[in-house]
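Working notes for the structure below.
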Amino acid sequence: MSPFSAATKQLQRRLGTRIVAMDEAARRDASFDSAKLPFLPAAVVRARQEADVGVTLKLANQHRVPVTTRGRGTTLTGAATPVRGGWVLDMLALDEVAIDADAGMAHAQGGATVAKIQRAAEASGWFYPPDPSSKEYCTIGGNIACNAGGMHGGKYGVTRDFVIALRGYLPTGEPVEWGTATKKFAAGFNLRDLWIGSEGMLGVVTGAVLKLIPRPAERWTLLTSFRDEAHALRSALALFRARVQPAICEFLDRGSVLCAERATGRVVFPGQSGRPVILLELAGSRAEVREQRAVVLGWAAAHATAHAAARSRADAEQLWAVRRKCSGAMFELGDAKLNEDIVVPMRNYVKFARFLRSLTRESGLHIPTFGHLADGNLHVNIMYHKAVPAECRAAEKAVRRLMETVVALGGSISGEHGIGLAKTPFLRIQHSPAQIRAMKAVKDALDPRGILNPGKMFELFEIWKHPRLEVKLPWDHK
Ligand SMILES: Cc1cc2nc3c(=O)[nH]c(=O)nc-3n(C[C@H](O)[C@H](O)[C@H](O)COP(=O)(O)OP(=O)(O)OC[C@H]3O[C@@H](n4cnc5c(N)ncnc54)[C@H](O)[C@@H]3O)c2cc1C
C-alpha cells in the first residue's frame, strides 16, 4: 500500500474519481517525462478547474504528500518526474486561450500549448515569438516554469521577456496573482519573475498574460556553409557586428549535418556535404528585411564557402525540417545521449569551438553540436553506448569538463532546459554556496513543507547511473 493511500482517498472524495486517477495506466504515463526516468506516483490529479489545484495543494500540505506539476512532460531534464512519488498534478485540461487584440496580449491557462497560443495570436495579426521546437506539445505553464527559449531567442528574447502577469497557487495552496494585464506594474516585490524559471518548485501557474508583437510581414531564409566550425562561429560574429539581427541563426556542426543527412536521406547543401552550416532567417517589415538582406548577402559572399536563399516558403520549410531532424538522428552514433543546452558568450565562440574539438578527440566519443548563435545557446550532444563501460565513463568525464569550461568562459550550464534532475551535479559549478543558500531560503519560505517538486535542483542525481525507459514518445523523431 502506498504511504499516501489515505490522503489520496481523501482527495478522491473531494475532487472525484474522474479527476483523481489511481489506475495503473494513468500512473505509469505520468511516471516519467522526456528524460525517461520512471518513478511511479500514487495518483494523477487531472485538474479540470483552477480551484482543483488549490484543493490538491492544501491537502498535500496537510498530509505531506509530494506534488509534481506536469504540463506535457517534454522536459529533457527530468524536472516533471515524480521522483518522490506522491501526486502528479496534470495541467493539460486547463488550456483556454483568448487574445486581447486591442492590447496585444494573450490570456492563456497554464495547460495551453505554445502552438495553440501562437496560432490564436497569428489569427489576430499578432505574434508570440518564443518558439521551442516542442511547441506543438509543450504547455505555456511548462515554458514559464523552465523559462523556455527556442530559435527566436537572439532577436526577440525568451519566455521571461513575454510574461506580463501570472496567476496560480503557492505551494501551500493559497491563490495568488503576480501583476495585472497592464504593461506597467510597480506595486511590490516582483514575484512573477521569481516563478519564471523556478521549475515548478515555487508555485503552480494556472494562467498567464503574455505580451504579443505585430506579426512580421516578411521572412527570408538563407543557408550558408563554412570551411570548419571555428570559421563558422567567427563569421557569425562578423554578422552581428554589422548590426544584423536575424530572427533565427542556427548553427549545425559537421556531425549534426551528417546526422540530418542520414535522417532525411538528402544532402543538406548540395556540393557542400559534410561542411558546418548556418541557417539564417530574417523577419520584419518588407523594408527592414530588404535592407538587412543586402547586408547578409554581402556577409555570406565574404565569409561562407557557399550560400543559397530559399526560393519559397516550402523550400525554407524543407531546410528547417533538416534542422529539426538532426537531434533524433544522433542515436545512430550511440544509444545514449547527454543532451546539454549550455550558453557561451559570443566573445568566446572560437575558444569554445577549439575546446569541443579537443573534447571529442580526448573522449573518443561523437559530440555533435548545434544551436542558436544569436544568443550563444548551443546544444552539445555527448553520444555513447550504455552497455560499454569505458564509453559511460568517458561521457561522464566529458560532461563535467564541458560544464567547467562553459562556466570558466563566462557562460551557463543551461540556457533553456533548466536543472531538473539531469543538471544537479553541475549546479555548484555555476553557483557559489551563498547563491545556493539564497535559492534554498526562497524555497523554504514559500514551501515550508517541501511539497512542490521535491528532490530536484539542489539534490544530487547522477542521470547516467539510472536506467532509462525504452519508450518512443510522440515527439521523438526516428
Ligand atoms: C523534441 C523537443 C524539443 C525541445 N525543444 C526545446 C526548445 O527549443 N527550447 C526549449 O526551451 N525547450 C525545448 N524542449 C524542452 C521542453 O519542451 C521545455 O522545457 C518545455 O518548457 C516543457 O514544457 P512541458 O509543458 O512539457 O512541461 P513539463 O515537461 O511537463 O514540465 C517541465 C517543468 O515545468 C513544471 N511545470 C509544468 N507545468 C507547470 C505549471 N503549470 N506551473 C508550474 N510548473 C509547471 C514541471 O513541474 C517541470 O518542473 C524540447 C523538448 C523536446 C522533447
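A note on labels: chains of the C-alpha cells are A, B, ... as shown, every chain counts residues from 1, and ligands are counted from 1 in their shown order.
Summary of the local environment: counting only C-alpha atoms, residues at most 8 Å from A:Ile19, other than itself and those fewer than 6 positions away along its chain, are Gln12, Val44, Val45, Arg46, Ala47 and Arg48 of chain A.
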Requested write-out: N, CA and C atoms of the selected residues, as a short mmCIF file (atom, residue, chain, number, x, y, z; two decimals), in the first residue's frame:
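This went into result30.cif:
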data_model
loop_
_atom_site.label_atom_id
_atom_site.label_comp_id
_atom_site.auth_asym_id
_atom_site.auth_seq_id
_atom_site.Cartn_x
_atom_site.Cartn_y
_atom_site.Cartn_z
N GLN A 12 -9.63 11.97 -3.54
CA GLN A 12 -10.62 11.41 -4.48
C GLN A 12 -12.05 11.76 -4.03
N VAL A 44 -2.73 10.48 -10.17
CA VAL A 44 -2.60 11.60 -11.11
C VAL A 44 -3.85 12.46 -10.95
N VAL A 45 -3.63 13.75 -10.67
CA VAL A 45 -4.75 14.67 -10.49
C VAL A 45 -4.89 15.47 -11.77
N ARG A 46 -5.96 15.23 -12.53
CA ARG A 46 -6.15 15.94 -13.79
C ARG A 46 -7.06 17.14 -13.54
N ALA A 47 -6.43 18.26 -13.19
CA ALA A 47 -7.21 19.45 -12.80
C ALA A 47 -8.17 19.86 -13.92
N ARG A 48 -9.44 20.04 -13.58
CA ARG A 48 -10.45 20.50 -14.56
C ARG A 48 -10.73 21.98 -14.37
#
Write out as a PyMOL selection string all residues of stretch 7-120 of chain A that backbone DSSP assigns to strand (DSSP E or B).
chain A and resi 20-21+43-46+67-70+87-90+97-100+105-109+113
Keeping only N, CA and C atoms, write the selected residues to a file as a PDB file, in the first residue's frame.
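again-v2.pdb was written with the following content:
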ATOM      1  N   VAL A  20      -9.139  12.487  -9.954  1.00  0.00           N
ATOM      2  CA  VAL A  20      -8.019  11.831  -9.245  1.00  0.00           C
ATOM      3  C   VAL A  20      -7.936  10.367  -9.697  1.00  0.00           C
ATOM      4  N   ALA A  21      -7.004  10.092 -10.604  1.00  0.00           N
ATOM      5  CA  ALA A  21      -6.887   8.744 -11.179  1.00  0.00           C
ATOM      6  C   ALA A  21      -5.813   7.953 -10.440  1.00  0.00           C
ATOM      7  N   ALA A  43      -0.958   8.803  -7.468  1.00  0.00           N
ATOM      8  CA  ALA A  43      -2.169   9.200  -8.202  1.00  0.00           C
ATOM      9  C   ALA A  43      -1.837  10.320  -9.177  1.00  0.00           C
ATOM     10  N   VAL A  44      -2.725  10.481 -10.165  1.00  0.00           N
ATOM     11  CA  VAL A  44      -2.603  11.598 -11.109  1.00  0.00           C
ATOM     12  C   VAL A  44      -3.852  12.461 -10.951  1.00  0.00           C
ATOM     13  N   VAL A  45      -3.628  13.746 -10.669  1.00  0.00           N
ATOM     14  CA  VAL A  45      -4.754  14.669 -10.485  1.00  0.00           C
ATOM     15  C   VAL A  45      -4.894  15.468 -11.771  1.00  0.00           C
ATOM     16  N   ARG A  46      -5.964  15.226 -12.525  1.00  0.00           N
ATOM     17  CA  ARG A  46      -6.145  15.940 -13.793  1.00  0.00           C
ATOM     18  C   ARG A  46      -7.057  17.136 -13.542  1.00  0.00           C
ATOM     19  N   VAL A  67       4.039  16.773  -4.464  1.00  0.00           N
ATOM     20  CA  VAL A  67       3.237  17.057  -5.663  1.00  0.00           C
ATOM     21  C   VAL A  67       4.188  17.509  -6.784  1.00  0.00           C
ATOM     22  N   THR A  68       4.074  16.866  -7.937  1.00  0.00           N
ATOM     23  CA  THR A  68       4.869  17.284  -9.092  1.00  0.00           C
ATOM     24  C   THR A  68       3.917  17.782 -10.173  1.00  0.00           C
ATOM     25  N   THR A  69       4.032  19.057 -10.527  1.00  0.00           N
ATOM     26  CA  THR A  69       3.177  19.605 -11.575  1.00  0.00           C
ATOM     27  C   THR A  69       3.692  19.129 -12.926  1.00  0.00           C
ATOM     28  N   ARG A  70       2.743  18.821 -13.808  1.00  0.00           N
ATOM     29  CA  ARG A  70       3.127  18.310 -15.122  1.00  0.00           C
ATOM     30  C   ARG A  70       2.345  19.040 -16.203  1.00  0.00           C
ATOM     31  N   TRP A  87       1.706  12.773  -5.694  1.00  0.00           N
ATOM     32  CA  TRP A  87       0.713  13.089  -6.715  1.00  0.00           C
ATOM     33  C   TRP A  87       1.345  13.846  -7.886  1.00  0.00           C
ATOM     34  N   VAL A  88       0.927  13.478  -9.085  1.00  0.00           N
ATOM     35  CA  VAL A  88       1.285  14.274 -10.266  1.00  0.00           C
ATOM     36  C   VAL A  88       0.074  15.144 -10.583  1.00  0.00           C
ATOM     37  N   LEU A  89       0.298  16.448 -10.677  1.00  0.00           N
ATOM     38  CA  LEU A  89      -0.780  17.404 -10.961  1.00  0.00           C
ATOM     39  C   LEU A  89      -0.730  17.734 -12.451  1.00  0.00           C
ATOM     40  N   ASP A  90      -1.666  17.136 -13.186  1.00  0.00           N
ATOM     41  CA  ASP A  90      -1.666  17.242 -14.652  1.00  0.00           C
ATOM     42  C   ASP A  90      -2.492  18.464 -15.073  1.00  0.00           C
ATOM     43  N   VAL A  97      -7.436  29.751 -24.306  1.00  0.00           N
ATOM     44  CA  VAL A  97      -6.613  30.867 -24.809  1.00  0.00           C
ATOM     45  C   VAL A  97      -7.559  31.940 -25.343  1.00  0.00           C
ATOM     46  N   ALA A  98      -7.315  33.193 -24.975  1.00  0.00           N
ATOM     47  CA  ALA A  98      -8.097  34.303 -25.544  1.00  0.00           C
ATOM     48  C   ALA A  98      -7.126  35.427 -25.895  1.00  0.00           C
ATOM     49  N   ILE A  99      -7.375  36.085 -27.034  1.00  0.00           N
ATOM     50  CA  ILE A  99      -6.478  37.178 -27.456  1.00  0.00           C
ATOM     51  C   ILE A  99      -7.173  38.505 -27.221  1.00  0.00           C
ATOM     52  N   ASP A 100      -6.470  39.419 -26.566  1.00  0.00           N
ATOM     53  CA  ASP A 100      -6.948  40.799 -26.460  1.00  0.00           C
ATOM     54  C   ASP A 100      -6.247  41.550 -27.597  1.00  0.00           C
ATOM     55  N   MET A 105      -2.242  41.311 -26.246  1.00  0.00           N
ATOM     56  CA  MET A 105      -1.918  40.379 -25.154  1.00  0.00           C
ATOM     57  C   MET A 105      -2.682  39.082 -25.353  1.00  0.00           C
ATOM     58  N   ALA A 106      -2.075  37.970 -24.926  1.00  0.00           N
ATOM     59  CA  ALA A 106      -2.779  36.688 -24.915  1.00  0.00           C
ATOM     60  C   ALA A 106      -3.041  36.314 -23.468  1.00  0.00           C
ATOM     61  N   HIS A 107      -4.262  35.820 -23.215  1.00  0.00           N
ATOM     62  CA  HIS A 107      -4.595  35.299 -21.883  1.00  0.00           C
ATOM     63  C   HIS A 107      -4.664  33.788 -22.043  1.00  0.00           C
ATOM     64  N   ALA A 108      -3.781  33.059 -21.376  1.00  0.00           N
ATOM     65  CA  ALA A 108      -3.746  31.604 -21.577  1.00  0.00           C
ATOM     66  C   ALA A 108      -3.749  30.884 -20.240  1.00  0.00           C
ATOM     67  N   GLN A 109      -4.449  29.764 -20.197  1.00  0.00           N
ATOM     68  CA  GLN A 109      -4.360  28.930 -18.997  1.00  0.00           C
ATOM     69  C   GLN A 109      -3.063  28.107 -19.050  1.00  0.00           C
ATOM     70  N   THR A 113      -1.110  24.727 -25.085  1.00  0.00           N
ATOM     71  CA  THR A 113       0.182  24.523 -25.768  1.00  0.00           C
ATOM     72  C   THR A 113       0.654  25.847 -26.371  1.00  0.00           C
TER      73      THR A 113
END
Measure the distance from atom CA of A:Leu469 to atom CA of A:Pro132 in Å and round it to one decimal.
23.9 Å
From the set A:Gly153, A:Gly85, A:Pro129, A:Gly16, which residue has the shortest atom-to-atom contact distance to A:Leu40, counting only C-alpha atoms?
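Answer, going by the shortest atom-to-atom distance: A:Gly85.
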Pick from A:Glu199, A:Glu177, A:Asp341, A:Asp253, whichever lies nearest to A:Asp228 using only C-alpha atoms
A:Asp253
A:Leu460, A:Ala301, A:Ala316, A:Val471: which is nearest A:Ile419, counting only C-alpha atoms?
A:Leu460
Report, in Å to a single decimal, how far apart atom 33 (C, counted along the ligand's line) of ligand 1 and atom CA of A:Asp33 are.
9.4 Å
So that I can see what lies close to A:Val114, please list as an NGL selection string the residues with an atom at most 7 Å from it, counting only C-alpha atoms and leaving out residues fewer than 2 positions away in the same chain.
:A and (112 or 116-118 or 135-136 or 138-140)
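Closest approach to A:Thr77 among A:Leu222, A:Val350, A:Ala422, A:Val388 is made by A:Ala422 (distances from only C-alpha atoms).
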Which residues of stretch 330-399 of chain A come within 8 Å of stretch 230-235 of chain A, and what is each one's closest atom pair and distance in Å (one decimal), counting only C-alpha atoms, sorted by chain and residue number, as CSV?
residue,atom,partner,partner_atom,distance
A:Tyr349,CA,A:Leu233,CA,6.0
A:Val350,CA,A:Ala230,CA,5.3
A:Ala353,CA,A:Ala230,CA,5.5
A:Arg354,CA,A:Ala230,CA,7.0
A:Leu373,CA,A:Leu233,CA,7.9
Could you pull the residues within 10 Å of A:Trp464, counting only C-alpha atoms, minus those fewer than 2 positions along the same chain, as a count of residues only?
14
Those in stretch 259-448 of chain A with helix (DSSP H, G or I) from DSSP, as a PyMOL selection string:
chain A and resi 259-264+286-303+313-332+346-363+389-408+424-430+433-446
Find the residue from A:Ala101, A:Val204, A:Leu37, A:Val296 that sits nearest to ligand 1; use only C-alpha atoms and all ligand atoms when measuring.
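Residue with the minimum atom-to-atom distance to ligand 1: A:Val204.
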Could you check how far atom CA of A:Gly104 sits from atom CA of A:Ile196, in Å to one decimal?
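Result for atom CA of A:Gly104 versus atom CA of A:Ile196: 20.9 Å, one decimal.
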Would you pick out the contacts of A:Gly168 at 9 Å or less, using only C-alpha atoms, so that residues sharing its chain but fewer than 3 positions from it are not included, and give the list as a ChimeraX atom specification?
/A:50,53-54,110,174-178,203-208
Include N, CA and C atoms and write out the residues we just selected as a PDB file, in the first residue's frame.
ATOM      1  N   GLU A  50      -9.274  25.603 -12.173  1.00  0.00           N
ATOM      2  CA  GLU A  50      -8.072  26.112 -11.495  1.00  0.00           C
ATOM      3  C   GLU A  50      -8.148  25.844  -9.993  1.00  0.00           C
ATOM      4  N   VAL A  53      -6.438  22.867  -8.252  1.00  0.00           N
ATOM      5  CA  VAL A  53      -5.010  22.957  -7.893  1.00  0.00           C
ATOM      6  C   VAL A  53      -4.874  23.326  -6.414  1.00  0.00           C
ATOM      7  N   GLY A  54      -5.675  24.319  -5.997  1.00  0.00           N
ATOM      8  CA  GLY A  54      -5.633  24.770  -4.600  1.00  0.00           C
ATOM      9  C   GLY A  54      -6.046  23.651  -3.654  1.00  0.00           C
ATOM     10  N   GLY A 110      -2.621  27.636 -17.901  1.00  0.00           N
ATOM     11  CA  GLY A 110      -1.300  27.000 -17.799  1.00  0.00           C
ATOM     12  C   GLY A 110      -1.106  25.792 -18.690  1.00  0.00           C
ATOM     13  N   GLU A 174      -2.504  28.449  -1.470  1.00  0.00           N
ATOM     14  CA  GLU A 174      -3.180  29.756  -1.481  1.00  0.00           C
ATOM     15  C   GLU A 174      -3.113  30.374  -2.889  1.00  0.00           C
ATOM     16  N   PRO A 175      -4.251  30.950  -3.368  1.00  0.00           N
ATOM     17  CA  PRO A 175      -4.227  31.550  -4.707  1.00  0.00           C
ATOM     18  C   PRO A 175      -3.483  32.884  -4.700  1.00  0.00           C
ATOM     19  N   VAL A 176      -2.744  33.158  -5.774  1.00  0.00           N
ATOM     20  CA  VAL A 176      -2.027  34.445  -5.877  1.00  0.00           C
ATOM     21  C   VAL A 176      -2.069  34.948  -7.317  1.00  0.00           C
ATOM     22  N   GLU A 177      -1.874  36.259  -7.462  1.00  0.00           N
ATOM     23  CA  GLU A 177      -1.733  36.867  -8.792  1.00  0.00           C
ATOM     24  C   GLU A 177      -0.505  37.756  -8.754  1.00  0.00           C
ATOM     25  N   TRP A 178       0.382  37.552  -9.697  1.00  0.00           N
ATOM     26  CA  TRP A 178       1.585  38.395  -9.773  1.00  0.00           C
ATOM     27  C   TRP A 178       1.419  39.322 -10.979  1.00  0.00           C
ATOM     28  N   GLY A 203       5.592  27.345  -7.114  1.00  0.00           N
ATOM     29  CA  GLY A 203       4.166  27.615  -7.311  1.00  0.00           C
ATOM     30  C   GLY A 203       3.671  26.915  -8.559  1.00  0.00           C
ATOM     31  N   VAL A 204       2.352  26.962  -8.733  1.00  0.00           N
ATOM     32  CA  VAL A 204       1.739  26.347  -9.919  1.00  0.00           C
ATOM     33  C   VAL A 204       1.080  27.452 -10.737  1.00  0.00           C
ATOM     34  N   VAL A 205       1.448  27.553 -12.002  1.00  0.00           N
ATOM     35  CA  VAL A 205       0.881  28.569 -12.891  1.00  0.00           C
ATOM     36  C   VAL A 205      -0.434  28.025 -13.459  1.00  0.00           C
ATOM     37  N   THR A 206      -1.536  28.712 -13.158  1.00  0.00           N
ATOM     38  CA  THR A 206      -2.816  28.299 -13.768  1.00  0.00           C
ATOM     39  C   THR A 206      -3.189  29.225 -14.924  1.00  0.00           C
ATOM     40  N   GLY A 207      -2.653  30.464 -14.915  1.00  0.00           N
ATOM     41  CA  GLY A 207      -2.977  31.382 -16.002  1.00  0.00           C
ATOM     42  C   GLY A 207      -1.859  32.389 -16.205  1.00  0.00           C
ATOM     43  N   ALA A 208      -1.729  32.854 -17.461  1.00  0.00           N
ATOM     44  CA  ALA A 208      -0.670  33.829 -17.768  1.00  0.00           C
ATOM     45  C   ALA A 208      -1.201  34.869 -18.743  1.00  0.00           C
TER      46      ALA A 208
END
Taking 5 positions as the minimum chain separation for residues in the same chain, which residues sit within 8 Å of stretch 401-418 of chain A when counting only C-alpha atoms? Answer as JSON, numbers by chain.
{"A": [75, 76, 77, 146, 147, 148, 149, 150, 197, 199, 340, 341, 342, 343, 344, 345, 348, 352, 377, 423, 426, 427, 429, 430]}
Env of A:Arg449: 10 Å cut, atoms = only C-alpha atoms, seq-sep filter 6 positions within chain, self excluded. Answer as a VMD selection string.
chain A and resid 60 to 66 171 to 172 443
